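Report on the structure given below.
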Amino acid sequence: MIELQHVTKLYPASSRPALDDVSTEIDKGEFVFLIGSSGSGKSTFLRLLLKEDTPTSGTISVNGKTLNTMSKWQVPKLRRTMGCVFQDFRLLRDRTVAQNVAFALEVINKPARTIKRVVPEVLEMVGLEGKAQRLPGELSGGEQQRVAIARAFVNRPLVLLADEPTGNLDPETSEGIMLLLERINRTGTTVIMATHDYHIVDSMRRRVIELNGGVLTRDQSRGVYGVGR
Amino acid sequence: MRVNFVLSEVATGLRRNLTMTVAMILTTAISLGLMGTGLLIAGMISDMKEIYYDKVQVSIFLAEDVTEEQRAGIESRLESSPEVKSYIYESKDEAFERFQQQFSQQPELVENTPPDALPESFRVELVNPERYEVIKAEFPAGADGVDQVRDEGDFLDRLFSLLNGARNATIAVAVVQALAALLLISNTIQLAAFNRRNETNIMRLVGASRWYTQLPFILEAAVAGLIGALLAVGGLVLTKVLFVDRTLAGPIKAGIIPPVDWSAIALIAPVIAAAGVGLAGIAAYVTLRLYVRL
Ligand SMILES: Nc1ncnc2c1ncn2[C@@H]1O[C@H](COP(=O)(O)OP(=O)(O)OP(=O)(O)O)[C@@H](O)[C@H]1O
Ligand SMILES: [Mg+2]
């Protein structure tokens with residue numbers, strides 16, 4: 001369902017490509033770790049899937065649609081099929097937990113009735129049923145990331161992109177987040193997660209795609225973080 | 001479209017940038033007010049043209065010592081001339097009466113003018129006002145009881161070129177002010193977009209349409225434009241009530257200056273409102289397209 005063919009991304013101000021001739025395929029329902037040292041191109045990989053940026057060369061397709069030829073006004077439709085989560089949560093600080101989640105539905109014109117029904121459902125799923133009226137500032141980091149995941153998942157996306165979702169969290173809290181992502185994956189949602197956390201990668205034994213200076217150097221099912229760790 | 005959502009975004013946006021919003025509204029108001037004034041002057045000019053040009057185009061003033069036959073001769077020549085559409089005779093008494101009326105505001109002037117100081121005249125309307133020279137040649141000054149022939153249109157042309165100048169200057173200032181208003185709107189929208197970048201970033205990521213993301217900003221500018229327009233119309237109303245109707249009451253009564261009618265303001269108000277809303281909305285849209293990534 002996601003396919004990259006010879007994708008190269010060269011940012012204008014740099015001589016070395018952020019992604020260098022990357023080709024891979026990810027099927028529906030897969031759980032993929034995207035690993036590599038800092039600057040290896042993981043975030044760039046995810047940004048290209050969201051069409052936040054366009055590749056310098058090569059083609060990318062998501063759900064059978066080629067992103068390269070997609071016009072600007074079709075991009076919102078693409079993004080409604082994808083959820084994303086970041087290291088820094090990106091919650092709206094002046095809105096409650098429930099409002100943050102509802103926001104994602106309001107701005108894509110979902111009926112109020114639907115919103116009223118699904119927001120409590122998804123908050124319960126991520127384990128925040130008692131905290132719907134709190135502001136993000138009144139939550140721990142792990143709880144804030146759960147809100148972000150609820151927001152990304154509330155519209156039932158086909159793909160969930162997570163860019164170092166546990167980067168700011170302690171190991172125990174991270175484990176809880178990973179259980180949640182696994183649970184989302186079990187509903188059939190493809191999960192692609194960029195991470196530096198070798199504990200998580202090693203313990204879950206899922207597919208691992210490793211980037212090294214923009215080059216895809218390893219693609220291993222049931223992989224570990226790396227040799228010599 | 002979730003109207004409540006969009007409206008609350010607009011209200012929040014306007015409140016968050018209160019100082020910029022006020023500046024934006026005031027410059028818009030001044031610009032639109034001047035534009036309205038320009039339109040009112042333009043309307044006044046065309047009213048005045050009707051008042052003046054229609055009445056009289058050429059005056060033939062008679063000499064002090066004009067004889068009965070000379071006067072009758074001039075009249076019959078006017079009667080038969082193909083250039084003349086109509087004419088009226090004004091005696092010395094009538095001329096003085098009109099003078100008294102016209103300068104009722106300046107009693108000293110009237111008191112110091114003897115009743116027979118004003119000459120008797122024929123006031124002539126031409127078939128074609130441009131053909132004044134022909135009449136002038138037909139009635140040479142200083143002969144046959146004619147003192148002089150005056151083209152009233154000439155005087156009016158000068159008067160109207162003055163009024164046209166006033167109108168053009170007002171509109172020019174309005175345009176410059178509008179430019180300032182547009183720049184300020186553009187700036188305010190950029191600031192508003194920056195203030196709300198968290199919201200708009202999330203909207204972009206969850207797949208809100210471009211239109212949905214931009215609409216609150218465009219409405220924000222349009223609302224400011226509308227408030228500016230309302231203030232401008234208020235300014236015009238005040239100008240009419242406090243200045244035109246009071247200070248210019250004399251000349252308006254004497255028929256020298258046409259009054260500023262409520263209907264004229266009522267006609268201009270929607271034009272101003274449309275201009276305010278339209279220009280502000282377009283400025284916001286262009287700004288978002290050019291400078292802001294949504
Ligand atoms: N907007 C940008 N403009 C120019 N260069 C960029 C931009 N974004 C990333 N890069 C460069 O592209 C390369 C890959 O960056 P990217 O953010 O994809 O790495 P990453 O693997 O996510 O790193 P990290 O683990 O630190 O998050 C880096 O060399 C970075 O400097
Ligand atoms: Mg990164």
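Going through the structure tokens in order, the chains are called A, B, and so on, while each chain numbers its residues from 1 and the ligands are numbered from 1 in the order shown.
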
(request) Would you list the contacts of A:Phe153 as a ChimeraX atom specification, taking every protein, DNA or RNA residue within 12 Å and counting only C-alpha atoms, but skipping same-chain residues closer than 4 positions in sequence? (result) /A:80-85,101-102,104-105,118-119,121-123,125-126,146-149,157-162,180-181,183-185,187-191 /B:206

Got time to write the residues from that selection, N, CA and C atoms, as an mmCIF file, in the first residue's frame?
data_model
loop_
_atom_site.group_PDB
_atom_site.id
_atom_site.type_symbol
_atom_site.label_atom_id
_atom_site.label_comp_id
_atom_site.auth_asym_id
_atom_site.auth_seq_id
_atom_site.Cartn_x
_atom_site.Cartn_y
_atom_site.Cartn_z
ATOM 1 N N ARG A 80 -6.176 12.682 5.221
ATOM 2 C CA ARG A 80 -7.258 12.151 6.067
ATOM 3 C C ARG A 80 -7.135 10.648 6.236
ATOM 4 N N THR A 81 -6.334 10.022 5.380
ATOM 5 C CA THR A 81 -6.143 8.574 5.522
ATOM 6 C C THR A 81 -4.888 8.270 6.327
ATOM 7 N N MET A 82 -4.202 9.311 6.808
ATOM 8 C CA MET A 82 -2.964 9.105 7.560
ATOM 9 C C MET A 82 -3.014 9.902 8.858
ATOM 10 N N GLY A 83 -2.546 9.264 9.952
ATOM 11 C CA GLY A 83 -2.453 9.994 11.196
ATOM 12 C C GLY A 83 -0.977 10.220 11.492
ATOM 13 N N CYS A 84 -0.652 11.279 12.219
ATOM 14 C CA CYS A 84 0.758 11.391 12.599
ATOM 15 C C CYS A 84 0.941 11.875 14.020
ATOM 16 N N VAL A 85 2.035 11.399 14.599
ATOM 17 C CA VAL A 85 2.379 11.664 15.989
ATOM 18 C C VAL A 85 3.847 12.079 16.024
ATOM 19 N N VAL A 101 -8.817 16.486 20.591
ATOM 20 C CA VAL A 101 -9.152 15.345 19.735
ATOM 21 C C VAL A 101 -10.273 15.733 18.771
ATOM 22 N N ALA A 102 -11.271 16.459 19.304
ATOM 23 C CA ALA A 102 -12.407 16.865 18.468
ATOM 24 C C ALA A 102 -11.957 17.790 17.330
ATOM 25 N N ALA A 104 -9.474 17.695 15.386
ATOM 26 C CA ALA A 104 -9.070 16.978 14.166
ATOM 27 C C ALA A 104 -10.285 16.597 13.312
ATOM 28 N N LEU A 105 -11.427 16.422 13.965
ATOM 29 C CA LEU A 105 -12.637 16.051 13.227
ATOM 30 C C LEU A 105 -13.406 17.282 12.771
ATOM 31 N N VAL A 118 -17.555 9.641 18.919
ATOM 32 C CA VAL A 118 -16.272 8.947 18.778
ATOM 33 C C VAL A 118 -15.173 9.485 19.687
ATOM 34 N N VAL A 119 -15.259 10.753 20.104
ATOM 35 C CA VAL A 119 -14.181 11.293 20.939
ATOM 36 C C VAL A 119 -14.063 10.543 22.277
ATOM 37 N N GLU A 121 -15.001 7.553 22.879
ATOM 38 C CA GLU A 121 -14.563 6.196 22.548
ATOM 39 C C GLU A 121 -13.052 6.107 22.446
ATOM 40 N N VAL A 122 -12.486 7.034 21.662
ATOM 41 C CA VAL A 122 -11.045 6.951 21.426
ATOM 42 C C VAL A 122 -10.265 7.334 22.687
ATOM 43 N N LEU A 123 -10.833 8.244 23.495
ATOM 44 C CA LEU A 123 -10.149 8.602 24.741
ATOM 45 C C LEU A 123 -10.121 7.409 25.699
ATOM 46 N N MET A 125 -10.075 4.319 24.699
ATOM 47 C CA MET A 125 -9.124 3.383 24.109
ATOM 48 C C MET A 125 -7.683 3.709 24.519
ATOM 49 N N VAL A 126 -7.335 5.010 24.553
ATOM 50 C CA VAL A 126 -5.957 5.368 24.915
ATOM 51 C C VAL A 126 -5.785 5.489 26.434
ATOM 52 N N ARG A 146 -0.513 10.265 24.606
ATOM 53 C CA ARG A 146 -1.740 9.491 24.374
ATOM 54 C C ARG A 146 -2.814 10.358 23.725
ATOM 55 N N VAL A 147 -2.893 11.609 24.152
ATOM 56 C CA VAL A 147 -3.853 12.522 23.524
ATOM 57 C C VAL A 147 -3.506 12.680 22.042
ATOM 58 N N ALA A 148 -2.202 12.844 21.785
ATOM 59 C CA ALA A 148 -1.771 13.022 20.388
ATOM 60 C C ALA A 148 -2.104 11.785 19.557
ATOM 61 N N ILE A 149 -1.928 10.611 20.166
ATOM 62 C CA ILE A 149 -2.248 9.378 19.441
ATOM 63 C C ILE A 149 -3.757 9.281 19.217
ATOM 64 N N PRO A 157 -7.337 6.236 10.557
ATOM 65 C CA PRO A 157 -6.495 6.316 9.363
ATOM 66 C C PRO A 157 -6.014 4.927 8.945
ATOM 67 N N LEU A 158 -5.618 4.811 7.673
ATOM 68 C CA LEU A 158 -5.048 3.554 7.191
ATOM 69 C C LEU A 158 -3.607 3.416 7.638
ATOM 70 N N VAL A 159 -2.956 4.559 7.798
ATOM 71 C CA VAL A 159 -1.539 4.553 8.176
ATOM 72 C C VAL A 159 -1.327 5.500 9.349
ATOM 73 N N LEU A 160 -0.513 5.067 10.308
ATOM 74 C CA LEU A 160 -0.120 5.959 11.398
ATOM 75 C C LEU A 160 1.384 6.170 11.308
ATOM 76 N N LEU A 161 1.786 7.425 11.147
ATOM 77 C CA LEU A 161 3.203 7.750 11.084
ATOM 78 C C LEU A 161 3.613 8.326 12.432
ATOM 79 N N ALA A 162 4.659 7.770 13.045
ATOM 80 C CA ALA A 162 5.091 8.253 14.355
ATOM 81 C C ALA A 162 6.572 8.581 14.287
ATOM 82 N N LEU A 180 0.067 0.698 23.141
ATOM 83 C CA LEU A 180 -1.033 1.381 22.475
ATOM 84 C C LEU A 180 -0.867 1.338 20.956
ATOM 85 N N LEU A 181 0.354 1.582 20.488
ATOM 86 C CA LEU A 181 0.592 1.543 19.038
ATOM 87 C C LEU A 181 0.368 0.129 18.482
ATOM 88 N N ARG A 183 -1.671 -2.014 19.692
ATOM 89 C CA ARG A 183 -3.110 -2.226 19.685
ATOM 90 C C ARG A 183 -3.741 -1.580 18.446
ATOM 91 N N ILE A 184 -3.274 -0.385 18.125
ATOM 92 C CA ILE A 184 -3.765 0.296 16.928
ATOM 93 C C ILE A 184 -3.400 -0.508 15.686
ATOM 94 N N ASN A 185 -2.171 -1.047 15.680
ATOM 95 C CA ASN A 185 -1.723 -1.873 14.560
ATOM 96 C C ASN A 185 -2.616 -3.101 14.378
ATOM 97 N N THR A 187 -5.702 -3.300 14.804
ATOM 98 C CA THR A 187 -6.972 -2.972 14.145
ATOM 99 C C THR A 187 -6.811 -2.940 12.630
ATOM 100 N N GLY A 188 -5.573 -3.179 12.145
ATOM 101 C CA GLY A 188 -5.352 -3.190 10.698
ATOM 102 C C GLY A 188 -4.635 -1.957 10.188
ATOM 103 N N THR A 189 -4.364 -1.012 11.083
ATOM 104 C CA THR A 189 -3.680 0.214 10.682
ATOM 105 C C THR A 189 -2.178 -0.036 10.524
ATOM 106 N N THR A 190 -1.643 0.378 9.393
ATOM 107 C CA THR A 190 -0.204 0.291 9.181
ATOM 108 C C THR A 190 0.484 1.309 10.084
ATOM 109 N N VAL A 191 1.533 0.886 10.791
ATOM 110 C CA VAL A 191 2.250 1.820 11.665
ATOM 111 C C VAL A 191 3.701 1.923 11.197
ATOM 112 N N VAL B 206 -4.005 16.983 9.572
ATOM 113 C CA VAL B 206 -5.157 16.075 9.641
ATOM 114 C C VAL B 206 -6.020 16.163 8.384
#

request  = Extract, using only C-alpha atoms, all DNA, RNA and protein residues at most 12 Å from stretch 258-267 of chain B, discarding same-chain residues fewer than 5 positions from it, and format them as number ranges by chain.
outcome  = B: 33, 36-52, 232-241, 243-253, 272-274

For this session: Could you please tell me, as a count of residues only, which residues of chain B have an atom within 6 Å of chain A when using only C-alpha atoms?
Result: 4

task: Name the residues of stretch 67-207 of chain A that fall into strand (DSSP E or B) according to DSSP on the backbone, using the chain letters and numbers of this document, as a ChimeraX atom specification.
output: /A:82-86,159-163,190-194,207

Can those selected residues be exported to a file as a PDB file, in the first residue's frame so that it contains C-alpha atoms?
ATOM      1  CA  MET A  82      -2.964   9.105   7.560  1.00  0.00           C
ATOM      2  CA  GLY A  83      -2.453   9.994  11.196  1.00  0.00           C
ATOM      3  CA  CYS A  84       0.758  11.391  12.599  1.00  0.00           C
ATOM      4  CA  VAL A  85       2.379  11.664  15.989  1.00  0.00           C
ATOM      5  CA  PHE A  86       5.545  13.534  16.938  1.00  0.00           C
ATOM      6  CA  VAL A 159      -1.539   4.553   8.176  1.00  0.00           C
ATOM      7  CA  LEU A 160      -0.120   5.959  11.398  1.00  0.00           C
ATOM      8  CA  LEU A 161       3.203   7.750  11.084  1.00  0.00           C
ATOM      9  CA  ALA A 162       5.091   8.253  14.355  1.00  0.00           C
ATOM     10  CA  ASP A 163       8.287  10.294  14.445  1.00  0.00           C
ATOM     11  CA  THR A 190      -0.204   0.291   9.181  1.00  0.00           C
ATOM     12  CA  VAL A 191       2.250   1.820  11.665  1.00  0.00           C
ATOM     13  CA  ILE A 192       5.557   3.361  10.615  1.00  0.00           C
ATOM     14  CA  MET A 193       7.635   4.567  13.534  1.00  0.00           C
ATOM     15  CA  ALA A 194      10.956   6.388  13.392  1.00  0.00           C
ATOM     16  CA  ARG A 207      10.292  -5.202  10.566  1.00  0.00           C
TER      17      ARG A 207
END

May I have all residues of stretch 65-293 of chain B that DSSP, computed from the backbone, assigns to helix (DSSP H, G or I), given as a ChimeraX atom specification? /B:68-80,92-102,107-111,129-138,152-195,197-206,210-247,249-253,262-291

Could you please extract the residues within 10 Å of ligand 2, counting only C-alpha atoms and all ligand atoms, and hand them back as a PyMOL selection string?
chain A and resi 35-47+86-87+163-164+194-196

message: Would you pick out the contacts of B:Leu18 at 12 Å or less, using only C-alpha atoms, so that residues sharing its chain but fewer than 5 positions from it are not included, and give the list as a VMD selection string?
response: chain B and resid 11 to 13 23 to 25 188 191 to 192 220 224

Hey, can you spit out that residue selection with all heavy atoms as a short mmCIF file (atom, residue, chain, number, x, y, z; two decimals), in the first residue's frame?
data_model
loop_
_atom_site.label_atom_id
_atom_site.label_comp_id
_atom_site.auth_asym_id
_atom_site.auth_seq_id
_atom_site.Cartn_x
_atom_site.Cartn_y
_atom_site.Cartn_z
N ALA B 11 -13.50 35.35 15.80
CA ALA B 11 -13.57 36.21 16.98
C ALA B 11 -12.27 36.14 17.77
O ALA B 11 -11.71 37.18 18.17
CB ALA B 11 -14.74 35.79 17.86
N THR B 12 -11.75 34.93 17.96
CA THR B 12 -10.49 34.77 18.69
C THR B 12 -9.38 35.52 17.97
O THR B 12 -8.58 36.23 18.59
CB THR B 12 -10.10 33.28 18.77
OG1 THR B 12 -11.24 32.53 19.11
CG2 THR B 12 -9.01 33.07 19.79
N GLY B 13 -9.33 35.37 16.65
CA GLY B 13 -8.27 36.01 15.87
C GLY B 13 -8.31 37.52 16.03
O GLY B 13 -7.28 38.16 16.26
N ALA B 23 -5.97 49.24 14.32
CA ALA B 23 -5.27 50.02 13.29
C ALA B 23 -5.83 49.71 11.91
O ALA B 23 -6.07 50.61 11.09
CB ALA B 23 -3.78 49.72 13.34
N MET B 24 -6.07 48.43 11.68
CA MET B 24 -6.59 47.99 10.39
C MET B 24 -7.97 48.60 10.13
O MET B 24 -8.24 49.11 9.05
CB MET B 24 -6.64 46.45 10.43
CG MET B 24 -7.28 45.75 9.28
SD MET B 24 -6.81 44.00 9.30
CE MET B 24 -8.00 43.30 10.41
N ILE B 25 -8.81 48.58 11.17
CA ILE B 25 -10.16 49.13 11.02
C ILE B 25 -10.11 50.64 10.76
O ILE B 25 -10.81 51.15 9.88
CB ILE B 25 -11.02 48.81 12.27
CG1 ILE B 25 -11.34 47.32 12.31
CG2 ILE B 25 -12.29 49.64 12.28
CD1 ILE B 25 -12.05 46.87 13.56
N THR B 188 -1.40 42.29 9.24
CA THR B 188 -2.21 41.72 10.31
C THR B 188 -2.49 40.25 10.07
O THR B 188 -2.44 39.42 10.99
CB THR B 188 -3.54 42.48 10.44
OG1 THR B 188 -3.25 43.87 10.48
CG2 THR B 188 -4.28 42.08 11.69
N LEU B 191 0.51 38.18 10.74
CA LEU B 191 0.68 38.04 12.19
C LEU B 191 -0.31 37.04 12.75
O LEU B 191 0.03 36.17 13.57
CB LEU B 191 0.49 39.41 12.84
CG LEU B 191 1.04 39.55 14.25
CD1 LEU B 191 2.55 39.57 14.20
CD2 LEU B 191 0.52 40.83 14.90
N ALA B 192 -1.55 37.15 12.29
CA ALA B 192 -2.60 36.24 12.77
C ALA B 192 -2.25 34.81 12.40
O ALA B 192 -2.41 33.89 13.21
CB ALA B 192 -3.95 36.63 12.16
N GLU B 220 -11.82 37.22 8.94
CA GLU B 220 -11.30 38.16 9.92
C GLU B 220 -11.05 39.52 9.24
O GLU B 220 -11.47 40.56 9.73
CB GLU B 220 -10.00 37.60 10.47
CG GLU B 220 -9.60 38.11 11.81
CD GLU B 220 -8.37 37.37 12.30
OE1 GLU B 220 -8.39 36.12 12.30
OE2 GLU B 220 -7.40 38.04 12.65
N ALA B 224 -13.21 43.10 9.66
CA ALA B 224 -12.54 44.38 9.92
C ALA B 224 -12.91 45.39 8.83
O ALA B 224 -13.17 46.56 9.13
CB ALA B 224 -11.04 44.20 10.00
#

Nearest-residue call for B:Glu69, choices B:Asp144, B:Glu9, B:Glu83, B:Glu125, using only C-alpha atoms:
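Closest to B:Glu69, using only C-alpha atoms: B:Asp144.
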
| Which of these residues is nearest to ligand 1, using only C-alpha atoms and all ligand atoms: A:Thr24, A:Ser203, A:Ser174, A:Thr54? |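 Answer, going by the shortest atom-to-atom distance: A:Thr54.
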
Q) Using only C-alpha atoms, which residues sit within 7 Å of B:Ile189 once same-chain residues fewer than 4 positions away are excluded, as a VMD selection string? A) chain B and resid 185 193 217 284

Taken to one decimal, the atom CA of A:Ser61-atom CA of A:Gln5 distance is 8.8 Å

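Distances to A:Arg205 were evaluated for A:Gly223, A:Thr96, A:Asp20, A:Glu30 using only C-alpha atoms, and the minimum falls at A:Gly223.
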
Can you tell me, as a PDB file with N, CA, C and O atoms, in the first residue's frame, what residues are no more than 12 Å from B:Thr287 when counting only C-alpha atoms, ignoring any on the same chain fewer than 4 positions away?
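See part-v8.pdb below for the written result:
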ATOM      1  N   LEU B 182      -4.402  48.345   2.876  1.00  0.00           N
ATOM      2  CA  LEU B 182      -4.143  47.007   2.335  1.00  0.00           C
ATOM      3  C   LEU B 182      -2.864  46.415   2.919  1.00  0.00           C
ATOM      4  O   LEU B 182      -2.810  45.242   3.287  1.00  0.00           O
ATOM      5  N   LEU B 183      -1.822  47.245   3.015  1.00  0.00           N
ATOM      6  CA  LEU B 183      -0.557  46.751   3.586  1.00  0.00           C
ATOM      7  C   LEU B 183      -0.764  46.337   5.036  1.00  0.00           C
ATOM      8  O   LEU B 183      -0.238  45.318   5.491  1.00  0.00           O
ATOM      9  N   LEU B 184      -1.541  47.146   5.744  1.00  0.00           N
ATOM     10  CA  LEU B 184      -1.785  46.847   7.152  1.00  0.00           C
ATOM     11  C   LEU B 184      -2.590  45.562   7.297  1.00  0.00           C
ATOM     12  O   LEU B 184      -2.319  44.736   8.178  1.00  0.00           O
ATOM     13  N   ILE B 185      -3.559  45.370   6.421  1.00  0.00           N
ATOM     14  CA  ILE B 185      -4.352  44.143   6.448  1.00  0.00           C
ATOM     15  C   ILE B 185      -3.447  42.949   6.186  1.00  0.00           C
ATOM     16  O   ILE B 185      -3.473  41.943   6.910  1.00  0.00           O
ATOM     17  N   SER B 186      -2.588  43.089   5.182  1.00  0.00           N
ATOM     18  CA  SER B 186      -1.672  42.005   4.840  1.00  0.00           C
ATOM     19  C   SER B 186      -0.797  41.649   6.043  1.00  0.00           C
ATOM     20  O   SER B 186      -0.623  40.482   6.395  1.00  0.00           O
ATOM     21  N   ASN B 187      -0.281  42.694   6.687  1.00  0.00           N
ATOM     22  CA  ASN B 187       0.571  42.496   7.852  1.00  0.00           C
ATOM     23  C   ASN B 187      -0.171  41.809   8.993  1.00  0.00           C
ATOM     24  O   ASN B 187       0.332  40.891   9.633  1.00  0.00           O
ATOM     25  N   THR B 188      -1.402  42.288   9.242  1.00  0.00           N
ATOM     26  CA  THR B 188      -2.205  41.720  10.315  1.00  0.00           C
ATOM     27  C   THR B 188      -2.490  40.248  10.069  1.00  0.00           C
ATOM     28  O   THR B 188      -2.443  39.423  10.987  1.00  0.00           O
ATOM     29  N   ILE B 189      -2.776  39.923   8.817  1.00  0.00           N
ATOM     30  CA  ILE B 189      -3.098  38.530   8.490  1.00  0.00           C
ATOM     31  C   ILE B 189      -1.857  37.649   8.663  1.00  0.00           C
ATOM     32  O   ILE B 189      -1.941  36.527   9.165  1.00  0.00           O
ATOM     33  N   GLN B 190      -0.692  38.182   8.268  1.00  0.00           N
ATOM     34  CA  GLN B 190       0.535  37.397   8.469  1.00  0.00           C
ATOM     35  C   GLN B 190       0.765  37.134   9.952  1.00  0.00           C
ATOM     36  O   GLN B 190       1.141  36.039  10.356  1.00  0.00           O
ATOM     37  N   LEU B 191       0.507  38.182  10.739  1.00  0.00           N
ATOM     38  CA  LEU B 191       0.684  38.039  12.190  1.00  0.00           C
ATOM     39  C   LEU B 191      -0.314  37.037  12.753  1.00  0.00           C
ATOM     40  O   LEU B 191       0.025  36.174  13.569  1.00  0.00           O
ATOM     41  N   ALA B 192      -1.552  37.150  12.292  1.00  0.00           N
ATOM     42  CA  ALA B 192      -2.600  36.239  12.770  1.00  0.00           C
ATOM     43  C   ALA B 192      -2.253  34.808  12.403  1.00  0.00           C
ATOM     44  O   ALA B 192      -2.410  33.886  13.211  1.00  0.00           O
ATOM     45  N   ALA B 193      -1.744  34.612  11.188  1.00  0.00           N
ATOM     46  CA  ALA B 193      -1.376  33.265  10.747  1.00  0.00           C
ATOM     47  C   ALA B 193      -0.226  32.741  11.590  1.00  0.00           C
ATOM     48  O   ALA B 193      -0.186  31.559  11.955  1.00  0.00           O
ATOM     49  N   GLN B 214      -8.088  28.614   5.405  1.00  0.00           N
ATOM     50  CA  GLN B 214      -7.932  30.034   5.087  1.00  0.00           C
ATOM     51  C   GLN B 214      -9.145  30.867   5.477  1.00  0.00           C
ATOM     52  O   GLN B 214      -9.010  32.047   5.781  1.00  0.00           O
ATOM     53  N   PHE B 217      -9.203  33.414   8.399  1.00  0.00           N
ATOM     54  CA  PHE B 217      -8.355  34.585   8.203  1.00  0.00           C
ATOM     55  C   PHE B 217      -9.014  35.574   7.245  1.00  0.00           C
ATOM     56  O   PHE B 217      -9.001  36.784   7.467  1.00  0.00           O
ATOM     57  N   ILE B 218      -9.600  35.036   6.176  1.00  0.00           N
ATOM     58  CA  ILE B 218     -10.227  35.911   5.188  1.00  0.00           C
ATOM     59  C   ILE B 218     -11.434  36.617   5.815  1.00  0.00           C
ATOM     60  O   ILE B 218     -11.627  37.819   5.655  1.00  0.00           O
ATOM     61  N   ALA B 221     -10.381  39.470   8.101  1.00  0.00           N
ATOM     62  CA  ALA B 221     -10.112  40.705   7.365  1.00  0.00           C
ATOM     63  C   ALA B 221     -11.414  41.330   6.875  1.00  0.00           C
ATOM     64  O   ALA B 221     -11.601  42.546   6.962  1.00  0.00           O
ATOM     65  N   ALA B 280     -10.595  44.033   1.637  1.00  0.00           N
ATOM     66  CA  ALA B 280      -9.945  43.391   2.784  1.00  0.00           C
ATOM     67  C   ALA B 280      -9.864  41.877   2.563  1.00  0.00           C
ATOM     68  O   ALA B 280      -8.812  41.261   2.795  1.00  0.00           O
ATOM     69  N   GLY B 281     -10.965  41.292   2.094  1.00  0.00           N
ATOM     70  CA  GLY B 281     -10.979  39.848   1.859  1.00  0.00           C
ATOM     71  C   GLY B 281      -9.957  39.445   0.809  1.00  0.00           C
ATOM     72  O   GLY B 281      -9.206  38.481   0.984  1.00  0.00           O
ATOM     73  N   ILE B 282      -9.897  40.213  -0.281  1.00  0.00           N
ATOM     74  CA  ILE B 282      -8.953  39.882  -1.354  1.00  0.00           C
ATOM     75  C   ILE B 282      -7.519  40.052  -0.860  1.00  0.00           C
ATOM     76  O   ILE B 282      -6.656  39.207  -1.120  1.00  0.00           O
ATOM     77  N   ALA B 283      -7.281  41.137  -0.099  1.00  0.00           N
ATOM     78  CA  ALA B 283      -5.928  41.357   0.427  1.00  0.00           C
ATOM     79  C   ALA B 283      -5.506  40.179   1.307  1.00  0.00           C
ATOM     80  O   ALA B 283      -4.372  39.692   1.220  1.00  0.00           O
ATOM     81  N   TYR B 291       2.420  34.540   1.165  1.00  0.00           N
ATOM     82  CA  TYR B 291       3.370  34.546   2.265  1.00  0.00           C
ATOM     83  C   TYR B 291       3.180  33.460   3.299  1.00  0.00           C
ATOM     84  O   TYR B 291       4.067  33.227   4.116  1.00  0.00           O
ATOM     85  N   VAL B 292       2.016  32.853   3.329  1.00  0.00           N
ATOM     86  CA  VAL B 292       1.738  31.965   4.443  1.00  0.00           C
ATOM     87  C   VAL B 292       1.533  30.555   3.931  1.00  0.00           C
ATOM     88  O   VAL B 292       0.790  30.336   2.978  1.00  0.00           O
ATOM     89  N   ARG B 293       2.205  29.615   4.559  1.00  0.00           N
ATOM     90  CA  ARG B 293       2.026  28.229   4.159  1.00  0.00           C
ATOM     91  C   ARG B 293       0.930  27.626   5.011  1.00  0.00           C
ATOM     92  O   ARG B 293       1.072  27.499   6.222  1.00  0.00           O
ATOM     93  N   LEU B 294      -0.174  27.295   4.364  1.00  0.00           N
ATOM     94  CA  LEU B 294      -1.269  26.697   5.134  1.00  0.00           C
ATOM     95  C   LEU B 294      -1.496  25.262   4.671  1.00  0.00           C
ATOM     96  O   LEU B 294      -1.222  24.925   3.558  1.00  0.00           O
TER      97      LEU B 294
END

Q: Fewer than 2 positions away in the same chain doesn't count, so skip those; otherwise give me all residues within 10 Å of B:Ile135, counting only C-alpha atoms, as an NGL selection string.
A: :B and (58 or 60 or 78 or 81 or 83-84 or 124 or 126 or 131-133 or 137-140 or 149-151)

Any chance you could export the current selection's C-alpha atoms as a CSV table (one decimal), in the first residue's frame?
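Saved as part-v6.csv:
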chain,number,residue,atom,x,y,z
B,58,VAL,CA,-25.0,83.5,-22.1
B,60,ILE,CA,-26.3,89.9,-22.8
B,78,LEU,CA,-33.0,86.7,-30.2
B,81,SER,CA,-32.0,83.4,-34.1
B,83,GLU,CA,-28.9,79.5,-32.2
B,84,VAL,CA,-31.2,80.5,-29.4
B,124,VAL,CA,-30.1,83.3,-23.1
B,126,LEU,CA,-28.3,78.3,-26.5
B,131,ARG,CA,-21.6,78.2,-29.9
B,132,TYR,CA,-21.2,81.1,-27.5
B,133,GLU,CA,-18.8,82.9,-30.0
B,137,ALA,CA,-20.3,88.1,-32.7
B,138,GLU,CA,-24.0,88.7,-33.4
B,139,PHE,CA,-24.2,91.2,-30.6
B,140,PRO,CA,-21.0,93.2,-30.6
B,149,VAL,CA,-21.9,89.6,-23.7
B,150,ARG,CA,-20.7,87.2,-21.1
B,151,ASP,CA,-20.3,83.4,-21.4
